[in-house]
$ cat my_file-v3.txt   # compact mmCIF, C-alpha atoms
# COMPACT_ATOMS: atom_id res chain seq x y z
CA MET A 2 127.43 123.82 93.33
CA GLU A 3 124.86 126.15 94.77
CA PRO A 4 121.41 126.30 93.08
CA TRP A 5 122.10 129.81 91.79
CA GLN A 6 125.24 128.53 90.08
CA TRP A 7 123.25 125.89 88.17
CA GLU A 8 120.71 128.54 87.15
CA ASP A 9 123.47 130.89 86.07
CA ALA A 10 125.12 128.14 83.99
CA PHE A 11 121.80 127.28 82.32
CA ASN A 12 121.13 130.93 81.54
CA LEU A 13 124.55 131.22 79.90
CA PHE A 14 123.30 128.91 77.12
CA ALA A 15 119.49 129.25 77.13
CA GLY A 16 118.10 132.08 75.02
CA ASP A 17 114.49 133.00 74.37
CA LEU A 18 111.66 130.72 75.44
CA LEU A 19 110.23 129.29 72.19
CA GLY A 20 107.45 127.16 73.62
CA GLU A 21 106.33 124.93 76.42
CA GLY A 22 104.22 121.90 77.02
CA ILE A 23 103.07 119.88 79.98
CA HIS A 24 106.52 118.47 80.81
CA ARG A 25 109.09 120.64 79.03
CA LYS A 26 110.11 124.15 78.05
CA VAL A 27 111.98 124.77 74.81
CA PHE A 28 114.58 127.52 74.56
CA ALA A 29 116.64 128.86 71.69
CA HIS A 30 120.33 128.14 72.17
CA ARG A 31 121.97 131.48 72.89
CA HIS A 32 125.20 130.70 70.99
CA ASP A 33 124.05 128.32 68.25
CA PRO A 34 120.91 129.29 66.31
CA THR A 35 120.68 125.79 64.81
CA LEU A 36 119.87 124.27 68.23
CA VAL A 37 117.15 124.32 70.85
CA ILE A 38 117.42 123.31 74.50
CA LYS A 39 114.57 121.19 75.84
CA ALA A 40 114.36 121.41 79.62
CA GLU A 41 112.19 119.04 81.64
CA THR A 42 110.05 120.87 84.18
CA GLY A 43 108.39 119.71 87.38
CA THR A 44 107.94 115.97 87.61
CA PHE A 45 110.54 114.08 85.60
CA SER A 46 108.56 112.77 82.60
CA HIS A 47 111.46 111.12 80.74
CA ALA A 48 110.30 112.79 77.48
CA ASN A 49 113.87 113.90 76.73
CA MET A 50 115.20 110.40 77.30
CA SER A 51 112.46 108.90 75.13
CA GLU A 52 113.25 111.34 72.33
CA TRP A 53 116.98 110.68 72.64
CA ASP A 54 116.44 106.89 72.59
CA ALA A 55 114.17 107.13 69.55
CA TRP A 56 116.74 109.24 67.71
CA MET A 57 119.58 106.87 68.67
CA CYS A 58 117.56 103.87 67.43
CA TRP A 59 116.03 105.33 64.28
CA GLY A 60 118.03 108.44 63.37
CA ASP A 61 120.09 106.65 60.72
CA ALA A 62 117.20 104.46 59.56
CA LYS A 63 114.38 105.29 57.19
CA GLU A 64 112.30 106.49 60.17
CA GLY A 65 114.89 109.14 60.96
CA GLN A 66 113.82 111.25 57.99
CA TRP A 67 110.66 112.08 60.00
CA LEU A 68 112.46 113.10 63.21
CA ALA A 69 114.25 116.29 64.18
CA PRO A 70 117.83 115.26 65.00
CA CYS A 71 118.95 115.13 68.61
CA VAL A 72 122.51 116.31 69.30
CA ALA A 73 123.22 115.71 73.00
CA ILE A 74 121.53 114.88 76.29
CA SER A 75 122.56 115.68 79.86
CA PRO A 76 123.60 112.77 82.10
CA GLN A 77 120.24 112.70 83.93
CA GLY A 78 118.20 113.50 80.82
CA ARG A 79 116.74 116.75 82.07
CA LEU A 80 118.28 118.77 79.21
CA LEU A 81 118.26 117.80 75.53
CA LEU A 82 119.87 119.57 72.59
CA GLN A 83 117.94 119.15 69.35
CA ARG A 84 118.27 120.69 65.89
CA ARG A 85 115.97 123.68 65.55
CA VAL A 86 113.08 123.43 63.11
CA MET A 87 111.09 126.26 61.57
CA PRO A 88 107.29 126.40 61.97
CA VAL A 89 105.18 125.41 58.96
CA PRO A 90 101.70 126.53 57.98
CA LEU A 91 98.96 123.92 58.26
CA GLU A 92 98.58 123.76 54.48
CA ASP A 93 102.24 122.70 54.06
CA LEU A 94 101.92 119.63 56.29
CA PRO A 95 101.85 116.28 54.47
CA GLU A 96 98.62 114.42 53.78
CA LYS A 97 100.15 111.18 55.07
CA VAL A 98 102.65 110.40 57.83
CA PRO A 99 104.07 107.15 59.24
CA ALA A 100 101.76 105.44 61.71
CA PHE A 101 104.40 105.61 64.45
CA LEU A 102 103.80 109.37 64.73
CA THR A 103 100.68 109.64 66.83
CA ASP A 104 100.20 113.23 68.08
CA LEU A 105 99.60 115.25 64.94
CA LYS A 106 99.60 118.78 66.28
CA ARG A 107 101.07 121.32 63.89
CA SER A 108 103.26 122.59 66.74
CA ASN A 109 104.91 119.14 66.99
CA PHE A 110 106.26 119.47 63.44
CA GLY A 111 108.53 121.85 61.59
CA ARG A 112 110.77 122.24 58.58
CA TYR A 113 114.36 120.99 58.81
CA LYS A 114 116.66 121.06 55.77
CA GLY A 115 113.66 121.38 53.44
CA ARG A 116 111.61 118.51 54.84
CA ILE A 117 108.83 118.23 57.40
CA VAL A 118 109.93 116.51 60.62
CA CYS A 119 108.48 115.82 64.04
CA CYS A 120 110.26 117.88 66.69
CA ASP A 121 108.27 116.65 69.70
CA TYR A 122 108.34 112.87 69.69
CA GLY A 123 109.17 112.08 73.32
CA SER A 124 105.74 110.53 73.77
CA LEU A 125 104.66 110.25 70.16
CA VAL A 126 106.53 107.26 68.83
CA THR A 127 104.56 104.18 69.83
CA ASN A 128 105.94 101.52 67.52
CA LEU A 129 108.05 101.18 64.46
CA ASN A 130 105.20 101.02 61.95
CA ASN A 131 106.22 102.63 58.64
CA ARG A 132 102.78 102.23 57.12
CA LEU A 133 101.52 105.63 56.00
CA LYS A 134 98.26 106.84 57.49
CA GLU A 135 95.97 109.75 56.70
CA ALA A 136 97.05 112.80 58.66
CA HIS A 137 94.30 114.62 60.53
CA TRP A 138 96.13 117.69 61.81
CA ASP A 139 95.23 119.63 64.94
CA ASP A 140 95.91 123.32 64.33
CA CYS A 141 97.93 124.18 67.45
$ encode --input "my_file-v3.txt" --output "structure tokens"
Amino acid sequence: MEPWQWEDAFNLFAGDLLGEGIHRKVFAHRHDPTLVIKAETGTFSHANMSEWDAWMCWGDAKEGQWLAPCVAISPQGRLLLQRRVMPVPLEDLPEKVPAFLTDLKRSNFGRYKGRIVCCDYGSLVTNLNNRLKEAHWDDC
């Protein structure tokens, strides 16, 4: 396929840009409002693959209640489909979170099916420590 064909195919599914970080851009899914598309940008950081692996390992375990569900990943890991979460005000974030969640920016969390979950855990999950820790939230 020509490069323009890949871009055209991506644009068929990617809606509005919802946010971006150092390694990824997050788009609304044009045809399914319950999903987002996470696209790796620039240097391949493997954040999508890390998130997918974490979800595959812990999604059905107790730890999964803290993670936004992943739905599908592209063969090379550059695109990830994840369940869409809704932003939450700082005052609604929990006072304690599991120790395995390390980057406590408000923008990394959202509300999914009534609970607060981490939606950006590609580089956040460092170990499987369920011990609760005090949450010191960064307001961004």
$ residues_around --input "my_file-v3.txt" --residues "Gln66 (chain A)" --least-positions-apart "3" --cutoff "12 Å" --atoms "all atoms listed in the file" --output "PyMOL selection string"
chain A and resi 56+59-63+69-70+98-99+112-120+131
$ closest_residue --input "my_file-v3.txt" --among "A:Trp138, A:Ala10, A:Asn49, A:Gly78" --to "Tyr122 (chain A)" --atoms "only C-alpha atoms"
A:Asn49
$ closest_residue --input "my_file-v3.txt" --among "A:Leu102, A:Ala29, A:Ala40, A:Val89" --to "Glu64 (chain A)" --atoms "only C-alpha atoms"
A:Leu102
$ closest_residue --input "my_file-v3.txt" --among "A:Asn109, A:Asp104, A:Leu80, A:Leu68" --to "Phe11 (chain A)" --atoms "all atoms listed in the file"
A:Leu80
$ atom_distance --input "my_file-v3.txt" --atom1 "CA of Glu135 (chain A)" --atom2 "CA of Glu96 (chain A)"
6.1 Å
$ residues_around --input "my_file-v3.txt" --residues "Val37 (chain A)" --least-positions-apart "5" --cutoff "10 Å" --atoms "all atoms listed in the file" --output "PyMOL selection string"
chain A and resi 14-19+27-31+71-72+81-86
$ atom_distance --input "my_file-v3.txt" --atom1 "CA of Phe110 (chain A)" --atom2 "CA of Leu94 (chain A)"
8.4 Å
$ closest_residue --input "my_file-v3.txt" --among "A:His32, A:Arg79, A:His24, A:Lys97" --to "His137 (chain A)" --atoms "only C-alpha atoms"
A:Lys97
